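**Q** One structure, as structure tokens, below. Some questions next.
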Amino acid sequence: MTAEPKINLSPKGWDEIKTTTCYMCACRCGIRVHLKDGKVTYIDGNADHPVNKGIICGKGAAGIKQHYSPARLSKPLLRVGERGSGEFREIEWDDALTMATQWLSDVRNSDPKKLAFFTGRDQSQGLTGWWASQFGTPNYAAHGGFCSVNMAAAGLYTYGGAFWEFGEPDWKHTKYFLLFGVAEDHGSNPIKAGLGKLKARGAKIVSINPVKTGYSAIADEWIGITPGTDGLFVGALIHCLLAAQKIDAEYLSRYTNASWLVIENPGGADDGLILRNPAGTPLVWDKQGSGTKAGPFGATPALLGRFNLPDGRKVVTSFTLIAERFAGDEYSPERVAEKCGVPPETTRRIAAELAHTAFNETIELDIPWTDYLGRRHEKTLGRPVSMHAMRGISAHSNGFHTCRSIHVLQIMLGTIDVPGGSRYKPPFPKSIPPHVKPAGKPGQVQPGKPLPGPPLGFVSGPEDLLVDSVGTPQRIDKAYSWDAPLAAHGLMHMVINNASKGDPYTIDVLFMYMANMSWNSAMNVPDTLKALTAKKPDGSYVIPKIIYSDAYASETVQYADLVLPDTTYLERWDCISMLDRPISEADGPADSIRQPVVEPDRDVRPFQTVLLDLGHRLGLPAMTNAEGGPRYPGGYPDYIVNHERAPGLGPLAGFRGKDGKAAGRGAVNPNQLQAYIDNGSHWYQELSDNMKYYRHVNWDYLDWATFFGFLPRPEPIIHQVYSETLQKFRLAAQGHGKVVVPEQHRKRIATYFDPIPFWYAPFEGEMVSDEDFPIHAITQRPMAMYHSWGSQNSWLRQILGRNWLYMHKAKAEKLGIADGDWVDVTSHHGTIKAQVKFSDGQNEHTVWTWNAIGKRKGAWALTPDSPEGEKGFLLNHLISDLLPEREGGYRYSNSDPVTGQAAWYDLKVRISKSADQKPESAPQFPVLKSTKRKRA
């Protein structure tokens with residue numbers, strides 16, 4: 001008998017393994033890249049990494065195909081034809097940088113704000129924002145303004161943290177978890193791992209989302225809410241808790257401003273402001289002393305009540321105002337049921353379950369800690385209810401107040417940074433609001449000089465806005481103006497539109513990085529393309545020069561005048577910094593690096609190094625040494641190691657000091673990057689147990705965080721359930737203060753800058769007829785894709801190669817639409833054609849699709865007959881970037897009025913079976929030409 005040959009079923013496909021950080025989504029997991037003969041053969045997870053602990057998702061594993069994508073750019077390109085024609089010629093880097101330097105120098109030496117510098121999901125905003133400040137332009141922002149600024153600002157102005165990158169649920173102790181509108185591509189690894197822990201422990205998961213995709217599908221209960229009504233539902237939960245008197249009065253009294261006294265003086269300049277003593281300390285009403293007292297120090301503050309002061313003034317506790325609002329009939333479960341689509345009995349049951357879990361299943365950990373009042377607590381009390389929210393909440397014009405409402409609900413239950421609750425991730429919590437102010441006021445932008453501060457920051461009142469004496473915005477996107485006062489992330493989605501209209505002024509150079517603003521990141525795609533190609537009567541472009549950097553041939557590359565090709569994430573150094581968007585865990589700070597695991601095989605350069613090179617060529621002070629040479633001749637890795645924002649504080653917190661043994665604050669360590677590589681390309685420091693909870697009022701933590709550079713001083717971070725910052729804007733709308741609201745903005749500011757969160761209908765839903773546009777239309781994020789990057793990946797395309805318009809079967813049948821029909825989807829702004837697929841797991845009055853799958857034919861090196869181009873589509877074509885005229889003919893952006901967050905999810909449509917059943921989506925645009933060029 002012939003013996004079977006021995007076959008090696010597990011051949012070794014590598015001769016080297018290097019660690020780095022994944023870039024296939026925003027999780028930034030640790031990965032191990034397997035190499036053979038210098039080529040990437042396999043990617044798996046790094047078991048020692050604090051974020052993913054070895055877990056890797058489909059996107060991360062498919063990074064090999066991202067790295068070797070045929071869409072990679074390979075040489076600097078100079079446009080030689082019309083914009084959008086795809087006519088380029090390849091040029092050398094020195095020529096490209098010389099040209100870019102000349103364009104940028106002309107702007108810097110005349111009027112720096114004529115440069116609009118906007119970056120996408122680059123994860124290096126600590127560098128890019130600093131560069132913009134050194135250049136002297138206030139016109140800088142990243143993608144947060146059209147993604148998550150409502151969520152971030154609402155949290156930072158309420159409790160000094162926020163969902164997603166700023167915090168996470170206590171997966172170890174949570175017993176009841178509310179999940180609102182979470183994008184499944186952004187935090188997929190940590191959230192999936194966390195949900196798995198909850199399921200294993202028997203914790204209850206309740207998902208509130210119009211669509212029942214991945215996370216909702218495994219939830220114990222799915223609530224298919226009507227889009228844009230989450231704030232009503234949350235308000236009804238608060239209503240029920242107040243009626244049942246199920247609130248954490250101790251937490252509210254000691255750690256929030258619920259007991260602070262608010263002045264009631266209608267029409268007066270001090271109406272709605274916090275009552276303070278001459279030293280500026282907020283006053284409370286001491287129930288035992290029957291009078292005012294400075295804060296909770298030694299007082300037993302009243303949570304409810306109105307009081308008369310000896311000088312005749314009237315005051316009320318801020319919690320009284322909150323209780324009066326949410327206890328009103330407007331937020332009763334019966335009143336909100338029809339709008340939310342949530343039965344009253346469901347709302348009441350959820351509220352009762354929250355209360356039962358918080359107050360009847362309390363956790364006590366044997367961890368002593370000391371609060372900011374000096375009180376020692378022998379045990380750490382936990383309310384095991386946690387919540388998490390993302391873009392489904394944020395991307396509405398009422399998203400800021402909806403997020404604020406969720407935080408008020410959390411605070412009333414006492415669940416912020418407690419065992420089982422929603423925990424901060426370092427460097428949060430921050431002061432409320434953070435102390436950094438945006439720079440760019442009149443007089444601060446001067447030719448040839450840096451800004452006196454960063455372009456992005458947090459305003460604490462009208463005096464911090466970037467407007468001139470008559471209220472004209474100083475930024476091209478109108479961030480920090482009366483249009484969007486709390487625009488902590490800027491309004492990137494409005495830059496091209498505003499620049500093309502010269503509103504509030506024109507620009508000379510548009511410089512973008514990794515921002516696909518001509519396609520899936522654009523509201524109103526057709527008009528955006530027109531704006532990019534618009535010309536003056538003399539034939540010159542309205543936006544004179546466009547510089548764009550990307551690693552791949554996206555749709556936006558075609559509209560650039562100069563293309564600077566970036567590397568892939570496996571070919572460069574990167575710094576996932578505590579100064580930017582760190583990878584910290586709730587139990588302690590963490591950061592990481594990317595190292596070049598392979599060398600580029602094309603003539604490309606890392607954008608961060610290119611930016612530093614341009615900074616030196618332009619003579620930017622912080623990028624040029626005393627002799628006129630480059631301060632960071634080694635490029636970005638040189639900057640990572642040697643740059644300091646303050647003495648001892650640099651981009652990386654780990655392995656500092658000459659010997660590499662310091663953490664957080666310490667001298668420059670020339671061997672820092674090697675130390676990170678030796679440690680698996682990351683650093684993590686677990687906090688001691690006594691500093692892990694109640695960090696907003698935990699004295700040991702506050703003291704440590706001040707040393708570490710997270711806080712300017714060790715002061716408690718008192719939760720602001722009542723926002724005096726918002727009230728200051730309302731007073732300005734009434735004509736009070738040194739900076740008053742211009743007439744055309746007064747009604748808007750007075751309405752939406754309410755110091756207490758409230759619900760209002762999304763703007764588009766209010767401005768169109770329900771009869772004409774009865775259906776909500778939203779997008780979801782697929783786990784297998786991350787924005788437009790993933791859908792050019794040959795492995796991931798096999799999972800999801802095109803998108804459909806998902807429609808509830810019952811709704812479709814009423815409209816005479818069959819599964820697989822092509823339909824016309826019409827908004828007040830336009831019409832698209834898409835193919836329907838039935839799905840019962842969604843709100844009946846809502847249609848949805850996967851975001852960013854639809855591609856323009858010819859982009860991303862996909863063939864023109866690819867399913868992404870032929871059958872894929874975008875809802876973006878239907879979304880107007882501006883709202884209709886109001887208040888004297890003025891047109892606001894289609895955004896949240898508080899923060900400027902793009903209101904992607906307010907879209908209302910009508911749907912009918914298309915007369916054209918040809919299997920191709922519409923609209924279609926001319927096929928883009930390949931960017932592969934022969935040298936001239």
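Starting from 1 in every chain, residues are counted up; chains themselves are A, B, ... following the order of the structure tokens, and ligands are numbered from 1 as listed.
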Report as a PyMOL selection string all protein, DNA and RNA residues lying within 8 Å of A:Cys575, evaluated on only C-alpha atoms, omitting residues in the same chain fewer than 4 positions from it.
**A** chain A and resi 124+591-594+640+651-652
**Q** Mind listing the helix (DSSP H, G or I) residues of stretch 580-647 of chain A, per DSSP on the backbone, as number ranges by chain?
**A** A: 607-617, 621-623, 636-642
**Q** Take the residues from that selection and write them out as a CSV table (one decimal), in the first residue's frame, keeping N, CA and C atoms.
**A**
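Below is the file that was written, out17.csv:
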chain,number,residue,atom,x,y,z
A,607,PHE,N,2.6,62.2,4.5
A,607,PHE,CA,2.1,63.6,4.5
A,607,PHE,C,2.6,64.4,5.7
A,608,GLN,N,2.7,63.8,6.8
A,608,GLN,CA,3.2,64.5,8.0
A,608,GLN,C,4.6,65.0,7.8
A,609,THR,N,5.5,64.2,7.2
A,609,THR,CA,6.8,64.7,6.9
A,609,THR,C,6.8,65.8,5.9
A,610,VAL,N,5.9,65.7,4.9
A,610,VAL,CA,5.8,66.7,3.8
A,610,VAL,C,5.3,68.0,4.5
A,611,LEU,N,4.4,67.9,5.4
A,611,LEU,CA,3.9,69.1,6.1
A,611,LEU,C,5.0,69.8,6.8
A,612,LEU,N,5.9,69.1,7.5
A,612,LEU,CA,7.0,69.7,8.3
A,612,LEU,C,8.0,70.3,7.3
A,613,ASP,N,8.2,69.6,6.2
A,613,ASP,CA,9.1,70.2,5.1
A,613,ASP,C,8.5,71.5,4.6
A,614,LEU,N,7.2,71.5,4.3
A,614,LEU,CA,6.6,72.8,3.8
A,614,LEU,C,6.7,73.8,4.9
A,615,GLY,N,6.6,73.5,6.1
A,615,GLY,CA,6.7,74.4,7.2
A,615,GLY,C,8.1,75.1,7.3
A,616,HIS,N,9.1,74.3,7.1
A,616,HIS,CA,10.4,74.9,7.0
A,616,HIS,C,10.6,75.7,5.8
A,617,ARG,N,10.2,75.2,4.7
A,617,ARG,CA,10.4,76.0,3.4
A,617,ARG,C,9.6,77.4,3.5
A,621,PRO,N,8.0,79.7,12.2
A,621,PRO,CA,9.0,79.8,13.3
A,621,PRO,C,9.2,78.5,14.1
A,622,ALA,N,8.2,77.7,14.4
A,622,ALA,CA,8.4,76.5,15.2
A,622,ALA,C,9.0,75.3,14.4
A,623,MET,N,9.1,75.5,13.1
A,623,MET,CA,9.6,74.5,12.2
A,623,MET,C,11.0,74.9,11.6
A,636,TYR,N,8.8,63.5,10.4
A,636,TYR,CA,7.8,63.3,11.4
A,636,TYR,C,8.4,62.5,12.6
A,637,PRO,N,9.2,61.4,12.4
A,637,PRO,CA,9.7,60.7,13.6
A,637,PRO,C,10.6,61.6,14.5
A,638,ASP,N,11.3,62.6,13.8
A,638,ASP,CA,12.1,63.5,14.6
A,638,ASP,C,11.2,64.4,15.4
A,639,TYR,N,10.1,64.9,14.8
A,639,TYR,CA,9.1,65.7,15.5
A,639,TYR,C,8.5,64.9,16.7
A,640,ILE,N,8.1,63.7,16.5
A,640,ILE,CA,7.4,62.9,17.5
A,640,ILE,C,8.3,62.8,18.8
A,641,VAL,N,9.6,62.6,18.6
A,641,VAL,CA,10.5,62.5,19.7
A,641,VAL,C,10.8,63.8,20.3
A,642,ASN,N,11.1,64.8,19.5
A,642,ASN,CA,11.7,66.1,20.0
A,642,ASN,C,10.8,67.2,20.3
**Q** May I ask which of the residues A:Glu766, A:Glu353, A:Asp689, A:Glu250 is the closest one to A:Trp369, counting only C-alpha atoms?
**A**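 Among the listed residues, A:Asp689 lies closest to A:Trp369.
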**Q** Need to verify the contact set: A:Glu585, 10 Å, only C-alpha atoms, exclusion of same-chain residues closer than 3 positions in sequence. Can you return it as an MDAnalysis selection string?
**A** chainID A and resid 50:51 165:168 423:426 582 588:591 684:686
**Q** Tell me which protein, DNA and RNA residues are within 10 Å of A:Asn497, counting only C-alpha atoms, leaving out same-chain ones fewer than 6 positions away, and put them as a PDB file with N, CA and C atoms, in the first residue's frame.
**A**
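Dumped everything to around17.pdb:
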ATOM      1  N   ILE A 476     -13.766  80.783   7.200  1.00  0.00           N
ATOM      2  CA  ILE A 476     -14.451  80.493   5.956  1.00  0.00           C
ATOM      3  C   ILE A 476     -15.639  79.568   6.172  1.00  0.00           C
ATOM      4  N   ASP A 477     -15.583  78.682   7.187  1.00  0.00           N
ATOM      5  CA  ASP A 477     -16.686  77.754   7.437  1.00  0.00           C
ATOM      6  C   ASP A 477     -17.731  78.321   8.396  1.00  0.00           C
ATOM      7  N   ASP A 503     -18.521  83.715   0.644  1.00  0.00           N
ATOM      8  CA  ASP A 503     -19.300  83.999   1.838  1.00  0.00           C
ATOM      9  C   ASP A 503     -18.668  83.282   3.029  1.00  0.00           C
ATOM     10  N   ALA A 522     -19.455  64.892   0.987  1.00  0.00           N
ATOM     11  CA  ALA A 522     -20.082  66.143   0.577  1.00  0.00           C
ATOM     12  C   ALA A 522     -21.586  66.065   0.721  1.00  0.00           C
ATOM     13  N   MET A 523     -22.189  67.099   1.309  1.00  0.00           N
ATOM     14  CA  MET A 523     -23.608  67.309   1.130  1.00  0.00           C
ATOM     15  C   MET A 523     -23.792  67.928  -0.259  1.00  0.00           C
ATOM     16  N   ASN A 524     -24.872  67.549  -0.936  1.00  0.00           N
ATOM     17  CA  ASN A 524     -25.166  68.198  -2.208  1.00  0.00           C
ATOM     18  C   ASN A 524     -24.010  68.011  -3.193  1.00  0.00           C
ATOM     19  N   ASP A 527     -23.722  70.140  -6.630  1.00  0.00           N
ATOM     20  CA  ASP A 527     -23.327  71.539  -6.455  1.00  0.00           C
ATOM     21  C   ASP A 527     -21.904  71.670  -5.926  1.00  0.00           C
ATOM     22  N   THR A 528     -21.446  70.681  -5.168  1.00  0.00           N
ATOM     23  CA  THR A 528     -20.057  70.699  -4.711  1.00  0.00           C
ATOM     24  C   THR A 528     -19.109  70.596  -5.897  1.00  0.00           C
ATOM     25  N   LEU A 529     -19.439  69.725  -6.839  1.00  0.00           N
ATOM     26  CA  LEU A 529     -18.604  69.597  -8.038  1.00  0.00           C
ATOM     27  C   LEU A 529     -18.620  70.892  -8.845  1.00  0.00           C
ATOM     28  N   LYS A 530     -19.771  71.537  -8.909  1.00  0.00           N
ATOM     29  CA  LYS A 530     -19.844  72.825  -9.598  1.00  0.00           C
ATOM     30  C   LYS A 530     -18.983  73.873  -8.893  1.00  0.00           C
ATOM     31  N   ALA A 531     -19.000  73.846  -7.553  1.00  0.00           N
ATOM     32  CA  ALA A 531     -18.205  74.820  -6.799  1.00  0.00           C
ATOM     33  C   ALA A 531     -16.714  74.617  -7.027  1.00  0.00           C
ATOM     34  N   LEU A 532     -16.292  73.371  -7.117  1.00  0.00           N
ATOM     35  CA  LEU A 532     -14.870  73.086  -7.334  1.00  0.00           C
ATOM     36  C   LEU A 532     -14.403  73.510  -8.725  1.00  0.00           C
ATOM     37  N   ASP A 881     -26.988  71.364   1.310  1.00  0.00           N
ATOM     38  CA  ASP A 881     -26.001  71.888   2.250  1.00  0.00           C
ATOM     39  C   ASP A 881     -26.492  73.138   2.961  1.00  0.00           C
ATOM     40  N   LEU A 882     -27.526  73.769   2.416  1.00  0.00           N
ATOM     41  CA  LEU A 882     -28.096  74.975   3.028  1.00  0.00           C
ATOM     42  C   LEU A 882     -29.581  74.774   3.296  1.00  0.00           C
ATOM     43  N   SER A 893     -26.455  76.900   7.212  1.00  0.00           N
ATOM     44  CA  SER A 893     -26.069  75.574   6.760  1.00  0.00           C
ATOM     45  C   SER A 893     -27.036  74.543   7.342  1.00  0.00           C
TER      46      SER A 893
END
**Q** Could you tell me which of A:Ile749, A:Leu373, A:Leu907, A:Met512 comes closest to A:Arg121 if we count only C-alpha atoms?
**A**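 So, comparing all the options, the nearest one is A:Met512.
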**Q** Could you write out, as a PyMOL selection string, all the residues of stretch 158-209 of chain A that DSSP marks as strand (DSSP E or B)?
**A** chain A and resi 167-169+176-180+204-208
**Q** Kindly export the residues of the current selection with all heavy atoms, as a JSON list (two decimals), in the first residue's frame.
**A**
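The result, written out as again-v5.json:
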[["chain", "number", "residue", "atom", "x", "y", "z"],
["A", 167, "GLY", "N", -14.62, 58.27, 26.17],
["A", 167, "GLY", "CA", -15.11, 57.43, 27.26],
["A", 167, "GLY", "C", -15.60, 56.10, 26.75],
["A", 167, "GLY", "O", -15.68, 55.85, 25.55],
["A", 168, "GLU", "N", -15.94, 55.22, 27.68],
["A", 168, "GLU", "CA", -16.47, 53.90, 27.32],
["A", 168, "GLU", "C", -17.29, 53.34, 28.48],
["A", 168, "GLU", "O", -17.12, 53.75, 29.64],
["A", 168, "GLU", "CB", -15.33, 52.94, 26.98],
["A", 168, "GLU", "CG", -14.45, 52.56, 28.16],
["A", 168, "GLU", "CD", -13.33, 51.60, 27.77],
["A", 168, "GLU", "OE1", -13.12, 51.41, 26.57],
["A", 168, "GLU", "OE2", -12.68, 51.06, 28.68],
["A", 169, "PRO", "N", -18.20, 52.43, 28.20],
["A", 169, "PRO", "CA", -18.96, 51.78, 29.28],
["A", 169, "PRO", "C", -18.03, 50.94, 30.16],
["A", 169, "PRO", "O", -16.98, 50.48, 29.70],
["A", 169, "PRO", "CB", -19.97, 50.90, 28.55],
["A", 169, "PRO", "CG", -20.00, 51.43, 27.15],
["A", 169, "PRO", "CD", -18.63, 51.98, 26.87],
["A", 176, "TYR", "N", -26.88, 47.02, 32.90],
["A", 176, "TYR", "CA", -27.93, 47.50, 32.00],
["A", 176, "TYR", "C", -27.30, 48.52, 31.06],
["A", 176, "TYR", "O", -26.69, 49.49, 31.50],
["A", 176, "TYR", "CB", -29.06, 48.16, 32.80],
["A", 176, "TYR", "CG", -30.38, 48.26, 32.06],
["A", 176, "TYR", "CD1", -31.41, 47.35, 32.34],
["A", 176, "TYR", "CD2", -30.60, 49.23, 31.10],
["A", 176, "TYR", "CE1", -32.62, 47.43, 31.68],
["A", 176, "TYR", "CE2", -31.80, 49.31, 30.43],
["A", 176, "TYR", "CZ", -32.82, 48.41, 30.73],
["A", 176, "TYR", "OH", -34.02, 48.48, 30.06],
["A", 177, "PHE", "N", -27.42, 48.26, 29.75],
["A", 177, "PHE", "CA", -26.68, 49.04, 28.76],
["A", 177, "PHE", "C", -27.63, 49.59, 27.71],
["A", 177, "PHE", "O", -28.33, 48.84, 27.03],
["A", 177, "PHE", "CB", -25.62, 48.15, 28.11],
["A", 177, "PHE", "CG", -24.75, 48.85, 27.10],
["A", 177, "PHE", "CD1", -24.24, 50.12, 27.35],
["A", 177, "PHE", "CD2", -24.39, 48.23, 25.92],
["A", 177, "PHE", "CE1", -23.42, 50.76, 26.42],
["A", 177, "PHE", "CE2", -23.58, 48.85, 24.99],
["A", 177, "PHE", "CZ", -23.08, 50.11, 25.25],
["A", 178, "LEU", "N", -27.67, 50.93, 27.59],
["A", 178, "LEU", "CA", -28.44, 51.59, 26.54],
["A", 178, "LEU", "C", -27.49, 52.02, 25.44],
["A", 178, "LEU", "O", -26.52, 52.74, 25.69],
["A", 178, "LEU", "CB", -29.16, 52.83, 27.09],
["A", 178, "LEU", "CG", -30.39, 52.63, 27.98],
["A", 178, "LEU", "CD1", -30.98, 54.00, 28.34],
["A", 178, "LEU", "CD2", -31.44, 51.78, 27.31],
["A", 179, "LEU", "N", -27.78, 51.62, 24.21],
["A", 179, "LEU", "CA", -26.92, 51.90, 23.06],
["A", 179, "LEU", "C", -27.72, 52.72, 22.05],
["A", 179, "LEU", "O", -28.71, 52.25, 21.51],
["A", 179, "LEU", "CB", -26.47, 50.57, 22.44],
["A", 179, "LEU", "CG", -25.44, 50.59, 21.34],
["A", 179, "LEU", "CD1", -24.10, 51.07, 21.87],
["A", 179, "LEU", "CD2", -25.28, 49.19, 20.74],
["A", 180, "PHE", "N", -27.28, 53.96, 21.82],
["A", 180, "PHE", "CA", -27.98, 54.87, 20.91],
["A", 180, "PHE", "C", -27.19, 55.05, 19.62],
["A", 180, "PHE", "O", -26.07, 55.56, 19.64],
["A", 180, "PHE", "CB", -28.16, 56.25, 21.55],
["A", 180, "PHE", "CG", -29.05, 56.31, 22.75],
["A", 180, "PHE", "CD1", -28.53, 56.12, 24.02],
["A", 180, "PHE", "CD2", -30.40, 56.59, 22.61],
["A", 180, "PHE", "CE1", -29.34, 56.20, 25.14],
["A", 180, "PHE", "CE2", -31.21, 56.67, 23.72],
["A", 180, "PHE", "CZ", -30.70, 56.48, 24.99],
["A", 204, "LYS", "N", -28.32, 43.25, 30.55],
["A", 204, "LYS", "CA", -29.32, 43.56, 29.53],
["A", 204, "LYS", "C", -28.80, 44.64, 28.60],
["A", 204, "LYS", "O", -28.28, 45.67, 29.04],
["A", 204, "LYS", "CB", -30.64, 44.01, 30.15],
["A", 204, "LYS", "CG", -31.71, 44.30, 29.10],
["A", 204, "LYS", "CD", -33.11, 44.45, 29.64],
["A", 204, "LYS", "CE", -34.11, 44.65, 28.50],
["A", 204, "LYS", "NZ", -35.50, 44.76, 28.97],
["A", 205, "ILE", "N", -28.96, 44.40, 27.30],
["A", 205, "ILE", "CA", -28.56, 45.36, 26.26],
["A", 205, "ILE", "C", -29.82, 45.84, 25.57],
["A", 205, "ILE", "O", -30.60, 45.04, 25.03],
["A", 205, "ILE", "CB", -27.62, 44.73, 25.23],
["A", 205, "ILE", "CG1", -26.37, 44.17, 25.92],
["A", 205, "ILE", "CG2", -27.25, 45.73, 24.16],
["A", 205, "ILE", "CD1", -25.51, 43.31, 25.02],
["A", 206, "VAL", "N", -30.03, 47.15, 25.58],
["A", 206, "VAL", "CA", -31.17, 47.76, 24.88],
["A", 206, "VAL", "C", -30.60, 48.67, 23.80],
["A", 206, "VAL", "O", -29.85, 49.61, 24.11],
["A", 206, "VAL", "CB", -32.07, 48.55, 25.84],
["A", 206, "VAL", "CG1", -33.23, 49.20, 25.08],
["A", 206, "VAL", "CG2", -32.60, 47.66, 26.95],
["A", 207, "SER", "N", -30.94, 48.42, 22.55],
["A", 207, "SER", "CA", -30.45, 49.21, 21.44],
["A", 207, "SER", "C", -31.57, 50.10, 20.90],
["A", 207, "SER", "O", -32.64, 49.60, 20.56],
["A", 207, "SER", "CB", -29.91, 48.31, 20.33],
["A", 207, "SER", "OG", -29.46, 49.09, 19.24],
["A", 208, "ILE", "N", -31.30, 51.40, 20.86],
["A", 208, "ILE", "CA", -32.26, 52.36, 20.32],
["A", 208, "ILE", "C", -31.70, 52.84, 18.99],
["A", 208, "ILE", "O", -30.73, 53.58, 18.94],
["A", 208, "ILE", "CB", -32.47, 53.55, 21.29],
["A", 208, "ILE", "CG1", -32.99, 53.06, 22.64],
["A", 208, "ILE", "CG2", -33.42, 54.57, 20.71],
["A", 208, "ILE", "CD1", -31.94, 52.91, 23.70]]
**Q** Between atom CA of A:Gly136 and atom CA of A:Leu510, what is the spacing in Å?
**A** 14.6 Å
**Q** Quick one: residues within 8 Å of A:Asp824, only C-alpha atoms, excluding same-chain residues fewer than 5 positions away - as a list in words?
**A**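 Final neighbour list, sorted by chain and number: Thr831, Ile832, Lys833, Ala834, Ile911, Ser912, Lys913 and Ser914 of chain A.
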**Q** Atoms to include: all heavy atoms. Write the selected residues as a PDB file, in the first residue's frame.
**A**
ATOM      1  N   THR A 831     -33.336  64.015  -6.872  1.00  0.00           N
ATOM      2  CA  THR A 831     -33.823  62.642  -7.031  1.00  0.00           C
ATOM      3  C   THR A 831     -32.661  61.720  -7.368  1.00  0.00           C
ATOM      4  O   THR A 831     -31.760  62.089  -8.135  1.00  0.00           O
ATOM      5  CB  THR A 831     -34.886  62.560  -8.149  1.00  0.00           C
ATOM      6  OG1 THR A 831     -36.003  63.370  -7.806  1.00  0.00           O
ATOM      7  CG2 THR A 831     -35.366  61.128  -8.336  1.00  0.00           C
ATOM      8  N   ILE A 832     -32.684  60.527  -6.804  1.00  0.00           N
ATOM      9  CA  ILE A 832     -31.753  59.476  -7.185  1.00  0.00           C
ATOM     10  C   ILE A 832     -32.558  58.230  -7.534  1.00  0.00           C
ATOM     11  O   ILE A 832     -33.744  58.120  -7.223  1.00  0.00           O
ATOM     12  CB  ILE A 832     -30.748  59.137  -6.068  1.00  0.00           C
ATOM     13  CG1 ILE A 832     -31.471  58.551  -4.836  1.00  0.00           C
ATOM     14  CG2 ILE A 832     -29.928  60.349  -5.679  1.00  0.00           C
ATOM     15  CD1 ILE A 832     -30.528  57.988  -3.783  1.00  0.00           C
ATOM     16  N   LYS A 833     -31.902  57.286  -8.186  1.00  0.00           N
ATOM     17  CA  LYS A 833     -32.508  55.984  -8.480  1.00  0.00           C
ATOM     18  C   LYS A 833     -31.683  54.909  -7.793  1.00  0.00           C
ATOM     19  O   LYS A 833     -30.449  54.908  -7.880  1.00  0.00           O
ATOM     20  CB  LYS A 833     -32.559  55.727  -9.994  1.00  0.00           C
ATOM     21  CG  LYS A 833     -33.417  54.517 -10.365  1.00  0.00           C
ATOM     22  CD  LYS A 833     -33.418  54.263 -11.869  1.00  0.00           C
ATOM     23  CE  LYS A 833     -32.271  53.386 -12.281  1.00  0.00           C
ATOM     24  NZ  LYS A 833     -32.335  52.940 -13.687  1.00  0.00           N
ATOM     25  N   ALA A 834     -32.369  54.003  -7.105  1.00  0.00           N
ATOM     26  CA  ALA A 834     -31.679  52.952  -6.364  1.00  0.00           C
ATOM     27  C   ALA A 834     -32.524  51.691  -6.383  1.00  0.00           C
ATOM     28  O   ALA A 834     -33.713  51.724  -6.711  1.00  0.00           O
ATOM     29  CB  ALA A 834     -31.426  53.397  -4.925  1.00  0.00           C
ATOM     30  N   ILE A 911     -40.881  58.006  -2.141  1.00  0.00           N
ATOM     31  CA  ILE A 911     -40.347  56.906  -2.940  1.00  0.00           C
ATOM     32  C   ILE A 911     -41.441  56.370  -3.847  1.00  0.00           C
ATOM     33  O   ILE A 911     -42.586  56.177  -3.421  1.00  0.00           O
ATOM     34  CB  ILE A 911     -39.796  55.787  -2.030  1.00  0.00           C
ATOM     35  CG1 ILE A 911     -38.655  56.326  -1.160  1.00  0.00           C
ATOM     36  CG2 ILE A 911     -39.311  54.596  -2.844  1.00  0.00           C
ATOM     37  CD1 ILE A 911     -38.123  55.329  -0.164  1.00  0.00           C
ATOM     38  N   SER A 912     -41.073  56.129  -5.097  1.00  0.00           N
ATOM     39  CA  SER A 912     -42.004  55.525  -6.049  1.00  0.00           C
ATOM     40  C   SER A 912     -41.232  54.594  -6.966  1.00  0.00           C
ATOM     41  O   SER A 912     -40.015  54.759  -7.173  1.00  0.00           O
ATOM     42  CB  SER A 912     -42.714  56.607  -6.865  1.00  0.00           C
ATOM     43  OG  SER A 912     -41.773  57.390  -7.581  1.00  0.00           O
ATOM     44  N   LYS A 913     -41.949  53.618  -7.529  1.00  0.00           N
ATOM     45  CA  LYS A 913     -41.308  52.704  -8.458  1.00  0.00           C
ATOM     46  C   LYS A 913     -40.861  53.478  -9.687  1.00  0.00           C
ATOM     47  O   LYS A 913     -41.619  54.270 -10.256  1.00  0.00           O
ATOM     48  CB  LYS A 913     -42.273  51.590  -8.848  1.00  0.00           C
ATOM     49  CG  LYS A 913     -41.650  50.526  -9.738  1.00  0.00           C
ATOM     50  CD  LYS A 913     -42.610  49.374  -9.966  1.00  0.00           C
ATOM     51  CE  LYS A 913     -41.998  48.320 -10.881  1.00  0.00           C
ATOM     52  NZ  LYS A 913     -42.904  47.165 -11.062  1.00  0.00           N
ATOM     53  N   SER A 914     -39.624  53.269 -10.098  1.00  0.00           N
ATOM     54  CA  SER A 914     -39.072  54.018 -11.213  1.00  0.00           C
ATOM     55  C   SER A 914     -39.607  53.495 -12.541  1.00  0.00           C
ATOM     56  O   SER A 914     -39.790  52.282 -12.731  1.00  0.00           O
ATOM     57  CB  SER A 914     -37.544  53.934 -11.211  1.00  0.00           C
ATOM     58  OG  SER A 914     -37.000  54.630 -12.307  1.00  0.00           O
TER      59      SER A 914
END
